[in-house]
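Structure data follow from entry_7.pdb (PDB, C-alpha atoms and all ligand atoms):
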ATOM      1  CA  MET T  25       0.000   0.000   0.000
ATOM      2  CA  THR T  26       2.783   2.385   0.928
ATOM      3  CA  GLU T  27       4.643   1.668  -2.344
ATOM      4  CA  ILE T  28       1.535   2.443  -4.384
ATOM      5  CA  LYS T  29       1.066   5.691  -2.502
ATOM      6  CA  LYS T  30       4.692   6.681  -3.173
ATOM      7  CA  GLU T  31       4.337   5.937  -6.899
ATOM      8  CA  GLN T  32       1.196   8.014  -7.055
ATOM      9  CA  LYS T  33       2.842  10.903  -5.229
ATOM     10  CA  GLN T  34       5.992  11.184  -7.369
ATOM     11  CA  PRO T  35       4.462  12.393 -10.657
ATOM     12  CA  LEU T  36       2.460  15.005  -8.789
ATOM     13  CA  GLU T  37       5.572  16.336  -7.026
ATOM     14  CA  LYS T  38       7.421  16.536 -10.347
ATOM     15  CA  ALA T  39       4.542  18.402 -11.940
ATOM     16  CA  TRP T  40       4.520  21.094  -9.273
ATOM     17  CA  VAL T  41       5.452  24.509 -10.543
ATOM     18  CA  ASP T  42       6.909  26.952  -8.066
ATOM     19  CA  LEU T  43       5.025  30.180  -8.614
ATOM     20  CA  SER T  44       6.477  31.988  -5.621
ATOM     21  CA  PHE T  45       8.359  35.203  -6.251
ATOM     22  CA  ASP T  46      11.409  33.968  -4.288
ATOM     23  CA  ASN T  47      12.908  32.115  -7.249
ATOM     24  CA  GLN T  48      12.286  34.887  -9.746
ATOM     25  CA  GLU T  49      14.976  37.355 -10.672
ATOM     26  CA  GLU T  50      14.397  40.953  -9.685
ATOM     27  CA  PRO T  51      14.215  43.337 -12.648
ATOM     28  CA  TRP T  52      16.715  46.184 -12.937
ATOM     29  CA  CYS T  53      15.877  49.818 -13.752
ATOM     30  CA  SER T  54      18.611  51.415 -15.888
ATOM     31  CA  MET T  55      17.295  54.949 -15.398
ATOM     32  CA  CYS T  56      17.166  54.799 -11.587
ATOM     33  CA  ALA T  57      20.218  52.458 -11.465
ATOM     34  CA  GLY T  58      18.743  50.094  -8.895
ATOM     35  CA  TYR T  59      16.419  47.232  -8.075
ATOM     36  CA  THR T  60      13.502  49.583  -7.559
ATOM     37  CA  ASP T  61       9.886  48.717  -6.871
ATOM     38  CA  TYR T  62       7.971  47.777  -9.970
ATOM     39  CA  LYS T  63       4.515  47.049 -11.271
ATOM     40  CA  ARG T  64       3.709  44.510 -13.955
ATOM     41  CA  LYS T  65       1.862  45.706 -17.022
ATOM     42  CA  TRP T  66       0.277  43.467 -19.611
ATOM     43  CA  THR T  67       1.742  44.190 -23.035
ATOM     44  CA  SER T  68       0.859  42.434 -26.295
ATOM     45  CA  VAL T  69       3.785  41.323 -28.447
ATOM     46  CA  ALA T  70       3.395  40.306 -32.114
ATOM     47  CA  ARG T  71       4.637  36.749 -32.754
ATOM     48  CA  SER T  72       4.777  34.744 -35.962
ATOM     49  CA  ASP T  73       3.657  31.119 -36.080
ATOM     50  CA  LEU T  74       4.892  28.234 -38.240
ATOM     51  CA  ASP T  75       2.094  28.718 -40.798
ATOM     52  CA  GLY T  76       3.376  32.186 -41.663
ATOM     53  CA  GLY T  77       0.681  33.998 -39.739
ATOM     54  CA  VAL T  78       1.013  36.498 -36.938
ATOM     55  CA  TYR T  79      -0.603  36.310 -33.527
ATOM     56  CA  SER T  80      -0.381  38.544 -30.485
ATOM     57  CA  GLU T  81       0.980  37.198 -27.212
ATOM     58  CA  ASN T  82       0.271  38.872 -23.904
ATOM     59  CA  ARG T  83       3.295  39.264 -21.669
ATOM     60  CA  GLU T  84       3.830  40.774 -18.238
ATOM     61  CA  ILE T  85       6.558  43.403 -18.452
ATOM     62  CA  PRO T  86       7.871  45.086 -15.285
ATOM     63  CA  HIS T  87       7.747  48.880 -15.203
ATOM     64  CA  CYS T  88       9.583  50.996 -12.642
ATOM     65  CA  VAL T  89       7.299  52.702 -10.118
ATOM     66  CA  ILE T  90       9.615  55.733  -9.782
ATOM     67  CA  CYS T  91      10.374  56.625 -13.421
ATOM     68  CA  GLY T  92       7.855  54.448 -15.292
ATOM     69  CA  CYS T  93      10.477  52.957 -17.636
ATOM     70  CA  VAL T  94      10.548  49.354 -18.807
ATOM     71  CA  MET T  95      12.872  47.319 -16.586
ATOM     72  CA  GLN T  96      15.366  44.685 -17.699
ATOM     73  CA  PHE T  97      16.160  41.205 -16.445
ATOM     74  CA  LEU T  98      19.958  41.200 -16.234
ATOM     75  CA  SER T  99      20.362  37.486 -17.019
ATOM     76  CA  ILE T 100      18.521  37.977 -20.327
ATOM     77  CA  ALA T 101      20.491  41.171 -21.022
ATOM     78  CA  ARG T 102      23.770  39.259 -20.489
ATOM     79  CA  VAL T 103      22.755  36.495 -22.899
ATOM     80  CA  VAL T 104      21.601  38.968 -25.571
ATOM     81  CA  THR T 105      24.804  41.027 -25.414
ATOM     82  CA  ARG T 106      26.981  37.875 -25.511
ATOM     83  CA  ILE T 107      25.153  36.551 -28.579
ATOM     84  CA  CYS T 108      25.559  39.906 -30.348
ATOM     85  CA  LYS T 109      29.277  40.050 -29.451
ATOM     86  CA  VAL T 110      29.868  36.534 -30.790
ATOM     87  CA  LEU T 111      27.928  37.307 -33.992
ATOM     88  CA  SER T 112      29.797  40.560 -34.627
ATOM     89  CA  SER T 113      33.199  38.948 -34.011
ATOM     90  CA  LEU T 114      32.260  36.127 -36.401
ATOM     91  CA  VAL T 115      31.271  38.680 -39.052
ATOM     92  CA  ALA T 116      34.563  40.548 -38.547
ATOM     93  CA  ILE T 117      36.719  37.387 -38.714
ATOM     94  CA  ILE T 118      34.890  35.815 -41.683
ATOM     95  CA  SER T 119      34.898  39.103 -43.621
ATOM     96  CA  PHE T 120      38.643  39.482 -42.962
ATOM     97  CA  MET T 121      39.315  35.970 -44.236
ATOM     98  CA  LEU T 122      37.072  36.428 -47.273
ATOM     99  CA  CYS T 123      38.516  39.805 -48.231
ATOM    100  CA  PHE T 124      42.231  39.155 -47.662
ATOM    101  CA  TYR T 125      42.729  35.416 -48.204
ATOM    102  CA  LEU T 126      40.399  34.764 -51.125
ATOM    103  CA  PHE T 127      41.003  38.021 -53.013
ATOM    104  CA  ASP T 128      44.090  40.132 -53.662
ATOM    105  CA  LEU T 129      44.573  43.285 -51.644
ATOM    106  CA  SER T 130      43.004  46.192 -53.502
ATOM    107  CA  ALA T 131      40.914  49.261 -52.781
ATOM    108  CA  GLY T 132      37.731  47.325 -53.578
ATOM    109  CA  THR T 133      38.388  44.468 -51.147
ATOM    110  CA  PHE T 134      39.551  46.894 -48.482
ATOM    111  CA  SER T 135      36.362  48.981 -48.823
ATOM    112  CA  CYS T 136      34.281  45.778 -48.713
ATOM    113  CA  TRP T 137      36.058  44.788 -45.521
ATOM    114  CA  LEU T 138      35.406  48.235 -44.022
ATOM    115  CA  ILE T 139      31.686  47.881 -44.824
ATOM    116  CA  CYS T 140      31.680  44.439 -43.158
ATOM    117  CA  LEU T 141      33.432  45.951 -40.125
ATOM    118  CA  LEU T 142      30.752  48.640 -39.927
ATOM    119  CA  PHE T 143      28.098  45.906 -40.076
ATOM    120  CA  ALA T 144      29.897  44.002 -37.289
ATOM    121  CA  GLY T 145      30.003  47.188 -35.216
ATOM    122  CA  LEU T 146      26.271  47.681 -35.736
ATOM    123  CA  ILE T 147      25.586  44.131 -34.498
ATOM    124  CA  TRP T 148      27.834  44.834 -31.469
ATOM    125  CA  MET T 149      25.906  48.020 -30.628
ATOM    126  CA  LEU T 150      22.454  46.563 -31.352
ATOM    127  CA  PRO T 151      21.270  45.548 -27.829
ATOM    128  CA  TYR T 152      21.460  49.134 -26.573
ATOM    129  CA  GLN T 153      19.056  48.774 -23.639
ATOM    130  CA  SER T 154      20.673  45.541 -22.443
ATOM    131  CA  ARG T 155      24.134  47.095 -22.562
ATOM    132  CA  MET T 156      22.868  50.207 -20.738
ATOM    133  CA  ALA T 157      21.313  48.033 -18.002
ATOM    134  CA  LEU T 158      24.507  46.015 -17.560
ATOM    135  CA  ARG T 159      26.682  49.160 -17.497
ATOM    136  CA  SER T 160      24.494  50.910 -14.915
ATOM    137  CA  GLN T 161      24.439  47.763 -12.759
ATOM    138  CA  ARG T 162      28.257  47.497 -12.964
ATOM    139  CA  ASN T 163      28.605  51.136 -11.880
ATOM    140  CA  TRP T 164      26.115  50.567  -9.047
ATOM    141  CA  ARG T 165      28.108  47.546  -7.814
ATOM    142  CA  LEU T 166      31.355  49.548  -7.971
ATOM    143  CA  GLN T 167      29.803  52.406  -5.973
ATOM    144  CA  ASN T 168      28.503  49.960  -3.366
ATOM    145  CA  LEU T 169      31.937  48.330  -3.145
ATOM    146  CA  CYS T 170      33.574  51.755  -2.642
ATOM    147  CA  LYS T 171      31.081  52.623   0.105
ATOM    148  CA  GLU T 172      31.677  49.298   1.859
ATOM    149  CA  THR T 173      35.470  49.707   1.749
ATOM    150  CA  GLU T 174      35.128  53.266   3.084
ATOM    151  CA  MET T 175      32.991  51.981   5.949
ATOM    152  CA  LEU T 176      35.483  49.193   6.666
ATOM    153  CA  LEU T 177      38.394  51.661   6.651
ATOM    154  CA  LYS T 178      36.500  54.022   8.963
ATOM    155  CA  ASN T 179      35.633  51.204  11.341
ATOM    156  CA  SER T 180      39.207  49.880  11.379
ATOM    157  CA  GLY T 181      40.505  53.435  11.975
ATOM    158  CA  GLU T 182      38.126  53.902  14.897
ATOM    159  CA  GLU T 183      39.185  50.556  16.356
ATOM    160  CA  LYS T 184      42.850  51.559  16.124
ATOM    161  CA  ILE T 185      42.124  54.880  17.862
ATOM    162  CA  ASN T 186      40.218  53.033  20.594
ATOM    163  CA  ARG T 187      43.065  50.535  21.074
ATOM    164  CA  THR T 188      45.728  53.247  21.258
ATOM    165  CA  GLY T 189      43.526  55.213  23.666
ATOM    166  CA  LYS T 190      43.166  52.130  25.876
ATOM    167  CA  THR T 191      46.913  51.393  25.838
ATOM    168  CA  GLN T 192      47.718  54.988  26.733
ATOM    169  CA  LEU T 193      45.269  54.831  29.643
TER     170      LEU T 193
HETATM  171 ZN    ZN H 201      13.273  53.731 -12.616
END
Will you turn the file into structure tokens for me?
Amino acid sequence: MTEIKKEQKQPLEKAWVDLSFDNQEEPWCSMCAGYTDYKRKWTSVARSDLDGGVYSENREIPHCVICGCVMQFLSIARVVTRICKVLSSLVAIISFMLCFYLFDLSAGTFSCWLICLLFAGLIWMLPYQSRMALRSQRNWRLQNLCKETEMLLKNSGEEKINRTGKTQL
């Protein structure tokens, strides 16, 4: 009886979906440079299906309560920027090999390579909002680190003063 109960329980436990907010990543506001309070707004996004048609999908997008801007999930921003960096470096490398190994060096091939480099640069710069979010978060972390080190230095300085005061007494 107990074995049957265990077998019946297992698929249910596997099918559980944790809907609590503890596991979810907090969105980041690039304008306020912080994990500010947010409200979720329903926004419809146009998607294409396999039959060639288009349908609208409703998605919850976090908006900052303070400035009202759309907030970013930093994990997604990291993936998007990495993909764009890899793509742009591939374009730069392949265009270099095509222009200088397959063809002789001339003004035409050099200008073609420059155009490909411009294209690679455009791909690199494409995820503007993701890059802005990551940059603001990096600056925020640096500022926090500076504040913490200042506090540590102050505390250690005060401790030294206290110790020297005690030894003098
Ligand atoms: Zn904000």
Per-residue nearest contacts chain T to ligand ZN 201 (chain H), cut-off 6 Å, using only C-alpha atoms and all ligand atoms, as JSON lines:
{"residue": "T:Cys53", "atom": "CA", "partner": "H:ZN201", "partner_atom": "ZN", "distance": 4.8}
{"residue": "T:Met55", "atom": "CA", "partner": "H:ZN201", "partner_atom": "ZN", "distance": 5.0}
{"residue": "T:Cys56", "atom": "CA", "partner": "H:ZN201", "partner_atom": "ZN", "distance": 4.2}
{"residue": "T:Cys88", "atom": "CA", "partner": "H:ZN201", "partner_atom": "ZN", "distance": 4.6}
{"residue": "T:Ile90", "atom": "CA", "partner": "H:ZN201", "partner_atom": "ZN", "distance": 5.0}
{"residue": "T:Cys91", "atom": "CA", "partner": "H:ZN201", "partner_atom": "ZN", "distance": 4.2}
{"residue": "T:Cys93", "atom": "CA", "partner": "H:ZN201", "partner_atom": "ZN", "distance": 5.8}
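Residue nearest Lys109 (chain T) within the list T:Leu146, T:Ala131, T:Ala157, T:Leu176: T:Leu146 [criterion: smallest interatomic distance, only C-alpha atoms].
Taking CA of Arg102 (chain T) and CA of Ile117 (chain T) as endpoints, the distance between them is 22.4 Å.
Closest to Ile118 (chain T) among T:Ala144, T:Ser68, T:Leu98, T:Val104 is T:Ala144, based on all atoms listed in the file.
Put simply, CA of Met95 (chain T) is 20.6 Å away from CA of Asn168 (chain T).
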Test item: the PyMOL selection byres (((chain T and resi 100) around 12) and not hetatm) resolved as a list in words: Glu49, Glu50, Pro51, Trp52, Met95, Gln96, Phe97, Leu98, Ser99, Ala101, Arg102, Val103, Val104, Thr105, Arg106, Ile107, Pro151, Gln153, Ser154, Arg155, Ala157 and Leu158 of chain T
Output C-alpha atoms for every residue in that selection, as a PDB file, keeping the file's coordinate frame.
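Okay, part23.pdb is ready:
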ATOM      1  CA  GLU T  49      14.976  37.355 -10.672  1.00  0.00           C
ATOM      2  CA  GLU T  50      14.397  40.953  -9.685  1.00  0.00           C
ATOM      3  CA  PRO T  51      14.215  43.337 -12.648  1.00  0.00           C
ATOM      4  CA  TRP T  52      16.715  46.184 -12.937  1.00  0.00           C
ATOM      5  CA  MET T  95      12.872  47.319 -16.586  1.00  0.00           C
ATOM      6  CA  GLN T  96      15.366  44.685 -17.699  1.00  0.00           C
ATOM      7  CA  PHE T  97      16.160  41.205 -16.445  1.00  0.00           C
ATOM      8  CA  LEU T  98      19.958  41.200 -16.234  1.00  0.00           C
ATOM      9  CA  SER T  99      20.362  37.486 -17.019  1.00  0.00           C
ATOM     10  CA  ALA T 101      20.491  41.171 -21.022  1.00  0.00           C
ATOM     11  CA  ARG T 102      23.770  39.259 -20.489  1.00  0.00           C
ATOM     12  CA  VAL T 103      22.755  36.495 -22.899  1.00  0.00           C
ATOM     13  CA  VAL T 104      21.601  38.968 -25.571  1.00  0.00           C
ATOM     14  CA  THR T 105      24.804  41.027 -25.414  1.00  0.00           C
ATOM     15  CA  ARG T 106      26.981  37.875 -25.511  1.00  0.00           C
ATOM     16  CA  ILE T 107      25.153  36.551 -28.579  1.00  0.00           C
ATOM     17  CA  PRO T 151      21.270  45.548 -27.829  1.00  0.00           C
ATOM     18  CA  GLN T 153      19.056  48.774 -23.639  1.00  0.00           C
ATOM     19  CA  SER T 154      20.673  45.541 -22.443  1.00  0.00           C
ATOM     20  CA  ARG T 155      24.134  47.095 -22.562  1.00  0.00           C
ATOM     21  CA  ALA T 157      21.313  48.033 -18.002  1.00  0.00           C
ATOM     22  CA  LEU T 158      24.507  46.015 -17.560  1.00  0.00           C
TER      23      LEU T 158
END
Residues in the PyMOL selection byres (((chain T and resi 61) around 8) and not hetatm), expressed as a list in words: Tyr59, Thr60, Tyr62, Lys63, Cys88, Val89 and Ile90 of chain T
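The spacing separating CA of Ser113 (chain T) from CA of Ser160 (chain T) amounts to 24.2 Å.
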Spatial neighbours of Thr67 (chain T), 12 Å, only C-alpha atoms, chain gap at least 2 places, as a list in words: Arg64, Lys65, Val69, Ala70, Ser80, Glu81, Asn82, Arg83, Glu84, Ile85, Pro86, His87 and Val94 of chain T
Subset file: region 62-149 of chain T, C-alpha atoms, as a compact mmCIF listing (two decimals), in the first residue's frame:
# COMPACT_ATOMS: atom_id res chain seq x y z
CA TYR T 62 7.97 47.78 -9.97
CA LYS T 63 4.51 47.05 -11.27
CA ARG T 64 3.71 44.51 -13.95
CA LYS T 65 1.86 45.71 -17.02
CA TRP T 66 0.28 43.47 -19.61
CA THR T 67 1.74 44.19 -23.04
CA SER T 68 0.86 42.43 -26.30
CA VAL T 69 3.78 41.32 -28.45
CA ALA T 70 3.40 40.31 -32.11
CA ARG T 71 4.64 36.75 -32.75
CA SER T 72 4.78 34.74 -35.96
CA ASP T 73 3.66 31.12 -36.08
CA LEU T 74 4.89 28.23 -38.24
CA ASP T 75 2.09 28.72 -40.80
CA GLY T 76 3.38 32.19 -41.66
CA GLY T 77 0.68 34.00 -39.74
CA VAL T 78 1.01 36.50 -36.94
CA TYR T 79 -0.60 36.31 -33.53
CA SER T 80 -0.38 38.54 -30.49
CA GLU T 81 0.98 37.20 -27.21
CA ASN T 82 0.27 38.87 -23.90
CA ARG T 83 3.30 39.26 -21.67
CA GLU T 84 3.83 40.77 -18.24
CA ILE T 85 6.56 43.40 -18.45
CA PRO T 86 7.87 45.09 -15.28
CA HIS T 87 7.75 48.88 -15.20
CA CYS T 88 9.58 51.00 -12.64
CA VAL T 89 7.30 52.70 -10.12
CA ILE T 90 9.62 55.73 -9.78
CA CYS T 91 10.37 56.63 -13.42
CA GLY T 92 7.86 54.45 -15.29
CA CYS T 93 10.48 52.96 -17.64
CA VAL T 94 10.55 49.35 -18.81
CA MET T 95 12.87 47.32 -16.59
CA GLN T 96 15.37 44.69 -17.70
CA PHE T 97 16.16 41.20 -16.44
CA LEU T 98 19.96 41.20 -16.23
CA SER T 99 20.36 37.49 -17.02
CA ILE T 100 18.52 37.98 -20.33
CA ALA T 101 20.49 41.17 -21.02
CA ARG T 102 23.77 39.26 -20.49
CA VAL T 103 22.76 36.49 -22.90
CA VAL T 104 21.60 38.97 -25.57
CA THR T 105 24.80 41.03 -25.41
CA ARG T 106 26.98 37.88 -25.51
CA ILE T 107 25.15 36.55 -28.58
CA CYS T 108 25.56 39.91 -30.35
CA LYS T 109 29.28 40.05 -29.45
CA VAL T 110 29.87 36.53 -30.79
CA LEU T 111 27.93 37.31 -33.99
CA SER T 112 29.80 40.56 -34.63
CA SER T 113 33.20 38.95 -34.01
CA LEU T 114 32.26 36.13 -36.40
CA VAL T 115 31.27 38.68 -39.05
CA ALA T 116 34.56 40.55 -38.55
CA ILE T 117 36.72 37.39 -38.71
CA ILE T 118 34.89 35.81 -41.68
CA SER T 119 34.90 39.10 -43.62
CA PHE T 120 38.64 39.48 -42.96
CA MET T 121 39.31 35.97 -44.24
CA LEU T 122 37.07 36.43 -47.27
CA CYS T 123 38.52 39.81 -48.23
CA PHE T 124 42.23 39.15 -47.66
CA TYR T 125 42.73 35.42 -48.20
CA LEU T 126 40.40 34.76 -51.12
CA PHE T 127 41.00 38.02 -53.01
CA ASP T 128 44.09 40.13 -53.66
CA LEU T 129 44.57 43.28 -51.64
CA SER T 130 43.00 46.19 -53.50
CA ALA T 131 40.91 49.26 -52.78
CA GLY T 132 37.73 47.32 -53.58
CA THR T 133 38.39 44.47 -51.15
CA PHE T 134 39.55 46.89 -48.48
CA SER T 135 36.36 48.98 -48.82
CA CYS T 136 34.28 45.78 -48.71
CA TRP T 137 36.06 44.79 -45.52
CA LEU T 138 35.41 48.23 -44.02
CA ILE T 139 31.69 47.88 -44.82
CA CYS T 140 31.68 44.44 -43.16
CA LEU T 141 33.43 45.95 -40.13
CA LEU T 142 30.75 48.64 -39.93
CA PHE T 143 28.10 45.91 -40.08
CA ALA T 144 29.90 44.00 -37.29
CA GLY T 145 30.00 47.19 -35.22
CA LEU T 146 26.27 47.68 -35.74
CA ILE T 147 25.59 44.13 -34.50
CA TRP T 148 27.83 44.83 -31.47
CA MET T 149 25.91 48.02 -30.63
